[in-house]
file model.tsv (TSV, C-alpha atoms)
chain	number	residue	atom	x	y	z
M	14	MET	CA	194.14	-84.09	116.39
M	15	ILE	CA	191.62	-81.25	116.83
M	16	LEU	CA	187.82	-81.59	116.93
M	17	ARG	CA	186.77	-79.13	114.22
M	18	SER	CA	183.09	-79.77	113.55
M	19	LEU	CA	180.49	-81.48	115.75
M	20	SER	CA	176.90	-82.35	114.84
M	21	LEU	CA	174.22	-84.02	116.93
M	22	TYR	CA	171.22	-85.70	115.34
M	23	ARG	CA	168.21	-87.64	116.60
M	24	TYR	CA	166.67	-90.66	114.85
M	25	GLN	CA	163.43	-92.57	115.23
M	26	ILE	CA	163.00	-95.90	113.43
M	27	PRO	CA	159.75	-97.92	113.41
M	28	LEU	CA	160.14	-101.66	113.88
M	29	ASP	CA	158.60	-104.18	111.50
M	30	LYS	CA	158.29	-106.66	114.37
M	31	LEU	CA	157.95	-106.09	118.10
M	32	LEU	CA	161.22	-106.57	119.97
M	33	PRO	CA	161.41	-107.89	123.53
M	34	VAL	CA	162.95	-105.72	126.22
M	35	GLY	CA	162.83	-108.07	129.19
M	36	ASN	CA	159.18	-109.08	129.34
M	37	GLN	CA	158.07	-105.86	127.64
M	38	ARG	CA	157.80	-105.08	123.91
M	39	ILE	CA	158.75	-102.05	121.82
M	40	ASP	CA	157.65	-101.05	118.32
M	41	GLN	CA	160.19	-98.30	117.62
M	42	ARG	CA	163.76	-97.37	118.47
M	43	GLU	CA	165.00	-93.87	119.13
M	44	GLY	CA	168.50	-92.59	119.64
M	45	LEU	CA	171.17	-90.04	118.77
M	46	VAL	CA	173.96	-89.83	116.22
M	47	LEU	CA	177.07	-87.84	117.11
M	48	GLN	CA	179.23	-86.85	114.13
M	49	ILE	CA	182.70	-85.35	114.57
M	50	ASP	CA	185.08	-84.01	111.92
M	51	THR	CA	188.80	-83.43	112.43
M	52	ASP	CA	191.33	-82.15	109.92
M	53	THR	CA	191.80	-85.65	108.54
M	54	THR	CA	188.75	-87.78	109.24
M	55	GLN	CA	185.06	-87.96	110.08
M	56	GLN	CA	183.39	-90.47	112.38
M	57	GLN	CA	179.88	-91.10	113.67
M	58	VAL	CA	178.56	-93.02	116.65
M	59	GLU	CA	175.12	-94.06	117.80
M	60	ILE	CA	174.16	-93.18	121.37
M	61	ALA	CA	170.89	-94.87	122.28
M	62	PRO	CA	170.03	-95.56	125.93
M	63	LEU	CA	167.61	-98.47	126.25
M	64	SER	CA	164.85	-96.48	127.90
M	65	GLY	CA	161.53	-94.92	126.95
M	66	VAL	CA	158.17	-96.68	126.91
M	67	ASP	CA	156.81	-100.00	125.69
M	68	ILE	CA	153.87	-100.61	123.34
M	69	ASP	CA	151.45	-100.09	126.24
M	70	GLY	CA	152.99	-96.78	127.24
M	71	HIS	CA	154.70	-98.18	130.34
M	72	PRO	CA	158.29	-97.09	131.12
M	73	LEU	CA	160.93	-99.66	130.22
M	74	HIS	CA	162.50	-101.05	133.37
M	75	GLY	CA	165.69	-102.88	134.18
M	76	PHE	CA	167.93	-101.38	131.52
M	77	SER	CA	169.21	-97.78	131.01
M	78	ARG	CA	168.63	-95.49	133.96
M	79	GLU	CA	169.07	-92.35	131.86
M	80	THR	CA	166.56	-91.05	129.32
M	81	LEU	CA	167.25	-90.03	125.75
M	82	THR	CA	166.26	-86.46	126.65
M	83	GLU	CA	168.84	-86.37	129.46
M	84	VAL	CA	171.58	-87.62	127.15
M	85	SER	CA	170.71	-85.24	124.31
M	86	GLN	CA	170.65	-82.25	126.67
M	87	ALA	CA	173.98	-83.27	128.19
M	88	LEU	CA	175.52	-83.46	124.72
M	89	ILE	CA	174.03	-80.13	123.63
M	90	ASN	CA	175.64	-78.55	126.69
M	91	LEU	CA	178.96	-80.37	126.09
M	92	LEU	CA	179.54	-79.72	122.38
M	93	PRO	CA	180.72	-76.09	122.74
M	94	ASP	CA	183.44	-77.26	125.16
M	95	LEU	CA	184.58	-79.92	122.69
M	96	GLN	CA	184.79	-77.78	119.57
M	97	GLY	CA	188.39	-76.82	118.90
M	98	ALA	CA	189.65	-79.08	121.68
M	99	LYS	CA	192.13	-81.91	121.29
M	100	ILE	CA	190.76	-85.39	120.75
M	101	ASP	CA	191.49	-86.52	124.33
M	102	ALA	CA	188.86	-84.06	125.56
M	103	LEU	CA	186.39	-86.76	124.54
M	104	LEU	CA	187.91	-89.16	127.09
M	105	ASP	CA	187.92	-86.46	129.77
M	106	ALA	CA	184.19	-85.89	129.18
M	107	ALA	CA	183.52	-89.64	129.15
M	108	ASP	CA	185.29	-89.97	132.51
M	109	LYS	CA	183.20	-87.20	134.07
M	110	THR	CA	179.68	-88.07	132.92
M	111	ALA	CA	177.37	-90.18	135.07
M	112	LEU	CA	175.37	-91.27	132.00
M	113	PRO	CA	176.63	-94.70	130.81
M	114	SER	CA	175.38	-94.38	127.22
M	115	LEU	CA	177.10	-91.00	126.88
M	116	ALA	CA	180.34	-92.31	128.39
M	117	PHE	CA	180.23	-95.21	125.94
M	118	GLY	CA	179.53	-92.98	122.94
M	119	LEU	CA	182.28	-90.49	123.75
M	120	SER	CA	184.90	-93.16	124.42
M	121	LEU	CA	183.80	-95.02	121.29
M	122	ILE	CA	184.10	-92.04	118.95
M	123	HIS	CA	187.54	-91.33	120.47
M	124	ALA	CA	188.56	-94.90	119.62
M	125	LYS	CA	187.23	-94.55	116.08
M	126	LEU	CA	188.86	-91.17	115.45
M	127	SER	CA	192.21	-92.31	116.85
M	128	GLY	CA	192.15	-95.55	114.86
M	129	THR	CA	192.35	-97.82	117.90
M	130	LEU	CA	189.08	-99.57	116.93
M	131	PRO	CA	189.42	-100.90	113.37
M	132	SER	CA	186.44	-102.21	111.45
M	133	PRO	CA	186.14	-106.02	111.32
M	134	ARG	CA	187.80	-107.54	108.29
M	135	SER	CA	184.82	-109.80	107.65
M	136	THR	CA	181.16	-109.98	108.59
M	137	PRO	CA	181.10	-111.45	112.09
M	138	GLN	CA	179.04	-114.45	113.05
M	139	VAL	CA	176.17	-113.77	115.41
M	140	VAL	CA	174.18	-115.96	117.78
M	141	PRO	CA	170.63	-116.05	116.33
M	142	LEU	CA	167.90	-114.80	118.67
M	143	ILE	CA	164.78	-116.93	118.99
M	144	TYR	CA	161.66	-115.78	120.75
M	145	ARG	CA	157.97	-116.39	120.21
M	146	ARG	CA	156.57	-113.37	118.42
M	147	GLN	CA	153.20	-111.94	119.33
M	148	ASP	CA	150.39	-114.28	118.15
M	149	GLU	CA	152.94	-116.59	116.48
M	150	ASP	CA	152.04	-120.27	116.45
M	151	LEU	CA	154.63	-122.91	117.26
M	152	ALA	CA	154.60	-124.30	113.71
M	153	THR	CA	155.77	-120.94	112.35
M	154	LEU	CA	158.49	-120.73	114.95
M	155	GLN	CA	159.58	-124.28	114.13
M	156	ARG	CA	159.94	-123.30	110.48
M	157	ARG	CA	162.19	-120.41	111.51
M	158	VAL	CA	164.35	-122.81	113.50
M	159	ASP	CA	164.44	-125.24	110.57
M	160	SER	CA	165.62	-122.44	108.27
M	161	LEU	CA	168.74	-121.78	110.37
M	162	SER	CA	172.01	-122.43	108.59
M	163	VAL	CA	173.67	-125.76	109.27
M	164	HIS	CA	176.69	-123.70	110.32
M	165	VAL	CA	174.71	-122.29	113.28
M	166	HIS	CA	175.44	-124.31	116.40
M	167	THR	CA	174.32	-121.92	119.17
M	168	VAL	CA	171.11	-119.89	119.53
M	169	LYS	CA	169.75	-117.55	122.17
M	170	VAL	CA	166.21	-118.26	123.38
M	171	LYS	CA	164.09	-115.79	125.32
M	172	VAL	CA	162.35	-117.41	128.31
M	173	GLY	CA	160.32	-116.02	131.18
M	174	GLN	CA	157.96	-114.53	128.62
M	175	THR	CA	154.95	-116.85	128.84
M	176	SER	CA	154.03	-119.83	131.02
M	177	ILE	CA	156.71	-122.21	132.24
M	178	GLU	CA	154.86	-125.11	130.61
M	179	ASP	CA	154.76	-123.41	127.21
M	180	GLU	CA	158.43	-122.51	127.35
M	181	ILE	CA	159.51	-126.01	128.31
M	182	GLN	CA	157.54	-127.21	125.30
M	183	LEU	CA	159.17	-124.53	123.14
M	184	ILE	CA	162.69	-125.62	124.08
M	185	HIS	CA	161.95	-129.28	123.43
M	186	GLN	CA	160.43	-128.37	120.04
M	187	ILE	CA	163.49	-126.31	119.06
M	188	LEU	CA	165.72	-129.25	119.90
M	189	GLY	CA	163.33	-131.59	118.12
M	190	VAL	CA	164.00	-129.64	114.92
M	191	ARG	CA	167.72	-129.08	115.55
M	192	PRO	CA	169.00	-131.51	118.21
M	193	ASP	CA	172.57	-130.36	117.52
M	194	LEU	CA	171.97	-126.85	118.89
M	195	LYS	CA	173.34	-125.46	122.12
M	196	LEU	CA	170.90	-123.05	123.77
M	197	ARG	CA	171.67	-119.87	125.65
M	198	LEU	CA	168.51	-119.09	127.60
M	199	ASP	CA	167.79	-115.47	128.50
M	200	ALA	CA	165.43	-115.15	131.47
M	201	ASN	CA	165.87	-111.45	132.35
M	202	ARG	CA	165.43	-112.23	136.06
M	203	ALA	CA	161.99	-113.71	135.47
M	204	PHE	CA	162.00	-116.50	138.09
M	205	THR	CA	162.10	-117.00	141.80
M	206	LEU	CA	164.71	-119.54	142.82
M	207	GLN	CA	162.09	-122.28	143.14
M	208	GLN	CA	160.54	-121.41	139.76
M	209	ALA	CA	164.00	-121.48	138.17
M	210	ILE	CA	164.69	-124.90	139.68
M	211	ASP	CA	161.30	-126.24	138.55
M	212	PHE	CA	161.81	-124.83	135.04
M	213	CYS	CA	165.39	-125.96	134.52
M	214	ALA	CA	164.74	-129.42	135.99
M	215	CYS	CA	162.46	-130.12	133.00
M	216	LEU	CA	165.08	-129.22	130.41
M	217	PRO	CA	167.71	-131.39	128.68
M	218	LEU	CA	170.57	-129.77	130.58
M	219	ASP	CA	173.27	-131.13	128.28
M	220	ALA	CA	171.80	-128.92	125.52
M	221	ILE	CA	171.90	-125.74	127.64
M	222	ASP	CA	175.06	-123.65	127.38
M	223	TYR	CA	173.89	-121.35	130.17
M	224	ILE	CA	170.90	-119.34	131.35
M	225	GLU	CA	171.21	-115.55	131.62
M	226	GLU	CA	170.06	-113.95	134.88
M	227	PRO	CA	167.59	-116.71	135.80
M	228	CYS	CA	166.58	-115.41	139.25
M	229	ILE	CA	164.88	-112.23	140.40
M	230	HIS	CA	167.57	-111.98	143.07
M	231	SER	CA	170.96	-112.55	141.45
M	232	GLY	CA	172.30	-113.92	144.73
M	233	ASP	CA	170.09	-116.98	144.14
M	234	ASN	CA	171.84	-117.93	140.90
M	235	PRO	CA	174.61	-119.97	142.60
M	236	GLN	CA	171.87	-121.90	144.45
M	237	LEU	CA	170.31	-122.85	141.12
M	238	TYR	CA	173.71	-124.10	139.97
M	239	LYS	CA	174.17	-126.02	143.21
M	240	ALA	CA	170.75	-127.66	142.83
M	241	LEU	CA	170.98	-128.68	139.15
M	242	GLY	CA	174.49	-127.97	137.89
M	243	ILE	CA	173.21	-125.53	135.25
M	244	ALA	CA	175.63	-122.72	134.45
M	245	TYR	CA	174.42	-119.14	134.37
M	246	ALA	CA	175.45	-115.78	132.94
M	247	LEU	CA	175.17	-112.26	134.27
M	248	ASP	CA	173.59	-109.51	132.19
M	249	GLU	CA	171.40	-106.99	134.03
M	250	SER	CA	173.68	-107.21	137.08
M	251	LEU	CA	176.49	-105.63	135.05
M	252	ASN	CA	174.44	-102.48	134.41
M	253	ASP	CA	174.70	-101.45	138.06
M	254	PRO	CA	177.42	-98.77	138.21
M	255	GLY	CA	178.50	-100.26	141.54
M	256	TYR	CA	179.00	-103.76	140.12
M	257	ASP	CA	182.39	-105.33	140.75
M	258	PHE	CA	183.32	-108.68	139.26
M	259	ILE	CA	183.35	-111.48	141.84
M	260	MET	CA	183.71	-115.09	140.78
M	261	GLN	CA	180.78	-117.25	141.92
M	262	PRO	CA	180.02	-120.98	141.60
M	263	GLY	CA	178.37	-121.73	138.25
M	264	LEU	CA	179.17	-118.38	136.61
M	265	LYS	CA	180.06	-119.11	132.99
M	266	ALA	CA	179.67	-115.85	131.07
M	267	LEU	CA	179.26	-112.10	131.25
M	268	VAL	CA	176.83	-110.75	128.67
M	269	LEU	CA	178.13	-107.25	128.09
M	270	LYS	CA	175.91	-104.50	126.69
M	271	PRO	CA	178.34	-101.60	126.17
M	272	MET	CA	175.57	-99.01	125.80
M	273	LEU	CA	174.48	-99.85	129.35
M	274	ILE	CA	177.91	-100.46	130.87
M	275	GLY	CA	179.51	-97.18	129.81
M	276	HIS	CA	183.13	-96.24	129.16
M	277	LEU	CA	185.14	-98.62	126.99
M	278	ASN	CA	187.75	-98.77	129.74
M	279	ARG	CA	185.18	-100.24	132.14
M	280	LEU	CA	184.14	-102.75	129.50
M	281	GLN	CA	187.76	-103.83	128.99
M	282	THR	CA	188.31	-104.15	132.74
M	283	LEU	CA	185.31	-106.47	133.10
M	284	ILE	CA	186.52	-108.60	130.21
M	285	GLU	CA	190.00	-108.92	131.71
M	286	GLN	CA	188.64	-109.77	135.17
M	287	ALA	CA	186.33	-112.42	133.71
M	288	ASN	CA	189.07	-113.93	131.57
M	289	ALA	CA	191.31	-114.29	134.61
M	290	ASP	CA	188.73	-116.61	136.19
M	291	GLY	CA	187.88	-118.53	133.00
M	292	VAL	CA	184.56	-116.75	132.48
M	293	LYS	CA	183.71	-115.94	128.86
M	294	SER	CA	182.65	-112.44	127.79
M	295	VAL	CA	179.98	-112.01	125.12
M	296	ILE	CA	179.27	-108.61	123.54
M	297	SER	CA	175.52	-108.10	123.18
M	298	SER	CA	173.29	-105.41	121.72
M	299	SER	CA	170.93	-103.03	123.47
M	300	LEU	CA	168.73	-103.09	120.35
M	301	GLU	CA	170.83	-100.49	118.55
M	302	ALA	CA	170.26	-99.62	114.90
M	303	SER	CA	172.79	-100.68	112.24
M	304	LEU	CA	175.34	-97.94	113.06
M	305	GLY	CA	175.50	-99.15	116.65
M	306	ILE	CA	175.54	-102.82	115.71
M	307	ALA	CA	178.50	-102.24	113.38
M	308	ALA	CA	180.41	-100.65	116.28
M	309	LEU	CA	179.56	-103.58	118.58
M	310	ALA	CA	180.81	-106.00	115.94
M	311	ALA	CA	184.10	-104.09	115.84
M	312	ILE	CA	184.34	-104.11	119.64
M	313	SER	CA	183.65	-107.85	119.73
M	314	ALA	CA	186.29	-108.55	117.08
M	315	GLU	CA	188.86	-106.48	118.98
M	316	CYS	CA	188.08	-107.35	122.62
M	317	THR	CA	186.47	-110.82	122.50
M	318	PRO	CA	187.75	-112.33	119.23
M	319	ASN	CA	187.05	-115.92	120.28
M	320	GLU	CA	183.39	-115.36	121.17
M	321	ILE	CA	180.39	-114.99	118.86
M	322	PRO	CA	178.51	-111.79	119.81
M	323	GLY	CA	174.78	-111.51	120.41
M	324	LEU	CA	173.84	-108.96	117.76
M	325	ASP	CA	170.87	-110.60	116.01
M	326	THR	CA	168.29	-107.83	116.43
M	327	LEU	CA	168.38	-105.88	113.15
M	328	ASN	CA	165.78	-108.04	111.40
M	329	ALA	CA	163.06	-106.13	113.22
M	330	PHE	CA	164.23	-102.69	111.99
M	331	SER	CA	162.33	-101.14	109.08
M	332	CYS	CA	165.48	-99.41	107.78
M	333	ASP	CA	169.20	-99.04	108.39
M	334	LEU	CA	170.99	-96.11	109.99
M	335	LEU	CA	174.03	-94.74	108.07
M	336	VAL	CA	175.54	-98.23	107.76
M	337	SER	CA	173.76	-100.40	105.20
M	338	THR	CA	172.98	-104.04	105.93
M	339	GLY	CA	171.02	-104.45	102.71
M	340	LYS	CA	167.64	-103.10	103.77
M	341	PRO	CA	165.68	-101.19	101.11
M	342	GLN	CA	166.28	-97.90	102.95
M	343	CYS	CA	169.35	-96.61	104.78
M	344	LEU	CA	168.89	-93.29	106.55
M	345	THR	CA	171.49	-90.56	105.92
M	346	VAL	CA	172.28	-87.69	108.28
M	347	GLU	CA	170.21	-85.40	106.04
M	348	GLN	CA	167.15	-87.50	106.95
M	349	LEU	CA	167.74	-87.18	110.69
M	350	THR	CA	166.62	-84.39	113.02
M	351	LEU	CA	169.49	-81.96	113.62
M	352	LEU	CA	169.69	-80.95	117.29
M	353	LYS	CA	172.93	-78.93	117.31
M	354	GLN	CA	175.80	-78.19	114.97
M	355	LEU	CA	179.07	-76.39	115.57
M	356	GLY	CA	181.78	-75.66	113.01

call {"tool": "encode", "arguments": {"input": "model.tsv", "output": "structure tokens"}}
result
Amino acid sequence: MILRSLSLYRYQIPLDKLLPVGNQRIDQREGLVLQIDTDTTQQQVEIAPLSGVDIDGHPLHGFSRETLTEVSQALINLLPDLQGAKIDALLDAADKTALPSLAFGLSLIHAKLSGTLPSPRSTPQVVPLIYRRQDEDLATLQRRVDSLSVHVHTVKVKVGQTSIEDEIQLIHQILGVRPDLKLRLDANRAFTLQQAIDFCACLPLDAIDYIEEPCIHSGDNPQLYKALGIAYALDESLNDPGYDFIMQPGLKALVLKPMLIGHLNRLQTLIEQANADGVKSVISSSLEASLGIAALAAISAECTPNEIPGLDTLNAFSCDLLVSTGKPQCLTVEQLTLLKQLG
């Protein structure tokens, strides 16, 4: 299979609601779309490092190390080498790049072109994301919880965003509305070990599935488990290119953001290593638009078929990107900014 035509586009989508990135907020999402045509098929992928600035103009921290400009320039330089090459040149380029989002995008479009990543046969379930929106009162949030389907049994709750007292109250109120729910708390390394112990000690621990990255220093997480018996998950730790899976007391899940982790081979290796020690793997978004979310749903269905992915972030997007989810507007490639085209 030969890569005949390659096109690189840039998108920018305003958000209807602010989205949390750790303890920061963003009001727009930017990224790239790579489109490749062969003799027999055409595929597109979204490449969107989670970087840039928040609503206050401060750089986002703790997620992608590369910038969108770095990735777009790397692709502009790479495309001439790919045109006319065999499909496996995509994997060679993915192996060589030091930019995780680019490695992911290149390995992903190879999987799509070669047919090794089929689309899900049905719309996947997702774990709903609950966080207190800016200036939102608790009564409004409670109504959102009350509107959840009876078929929803697990939700993800952002913590480490406001005061410990307010968030303890928030969790008890969520469970007051839906006592049947299991909660996956996402702390984004917000707490010292003592703060994490103080916070978790006030929670109904039997309702907590796990807490993601509770401590500023990830080495403290097993101490939290030792103190209270609360399981934890790793998220930000996995984005370190030097991360190697090591089983630790209390580790229950890996929350895998492929856009931050990189090559699909690395993702698969982490999943296999976790499975060998009884640790679940959950595919999660890096706030991609609908094209990227559709790919993550396919990856989850293929690589972690027994786990519900964390992909509940599209509600904040003002429009879809190439793949429609039912929003009034779905951007086409003609509505994107063309950066380079060959063939």

call {"tool": "atom_distance", "arguments": {"input": "model.tsv", "atom1": "CA of Leu161 (chain M)", "atom2": "CA of Ala209 (chain M)"}}
result
28.2 Å

call {"tool": "closest_atom_pairs", "arguments": {"input": "model.tsv", "of": "region 49-76 of chain M", "to": "region 292-314 of chain M", "cutoff": "9 Å", "atoms": "only C-alpha atoms", "output": "CSV"}}
result
residue,atom,partner,partner_atom,distance
M:Gln57,CA,M:Leu304,CA,8.2
M:Val58,CA,M:Gly305,CA,6.9
M:Glu59,CA,M:Gly305,CA,5.2
M:Ile60,CA,M:Gly305,CA,7.7
M:Ala61,CA,M:Glu301,CA,6.7
M:Pro62,CA,M:Ser299,CA,7.9
M:Leu63,CA,M:Ser299,CA,6.3
M:Phe76,CA,M:Ser299,CA,8.7

call {"tool": "write_last_selection", "arguments": {"input": "model.tsv", "atoms": "C-alpha atoms", "output": "PDB file, keeping the file's coordinate frame"}}
result
ATOM      1  CA  GLN M  57     179.880 -91.100 113.670  1.00  0.00           C
ATOM      2  CA  VAL M  58     178.560 -93.020 116.650  1.00  0.00           C
ATOM      3  CA  GLU M  59     175.120 -94.060 117.800  1.00  0.00           C
ATOM      4  CA  ILE M  60     174.160 -93.180 121.370  1.00  0.00           C
ATOM      5  CA  ALA M  61     170.890 -94.870 122.280  1.00  0.00           C
ATOM      6  CA  PRO M  62     170.030 -95.560 125.930  1.00  0.00           C
ATOM      7  CA  LEU M  63     167.610 -98.470 126.250  1.00  0.00           C
ATOM      8  CA  PHE M  76     167.930-101.380 131.520  1.00  0.00           C
TER       9      PHE M  76
END

call {"tool": "closest_residue", "arguments": {"input": "model.tsv", "among": "M:Ala111, M:Ile210, M:Val170, M:Leu349", "to": "Val140 (chain M)", "atoms": "all atoms listed in the file"}}
result
M:Val170

call {"tool": "atom_distance", "arguments": {"input": "model.tsv", "atom1": "CA of Asn234 (chain M)", "atom2": "CA of Asp67 (chain M)"}}
result
27.9 Å

call {"tool": "atom_distance", "arguments": {"input": "model.tsv", "atom1": "CA of Leu324 (chain M)", "atom2": "CA of Arg197 (chain M)"}}
result
13.6 Å
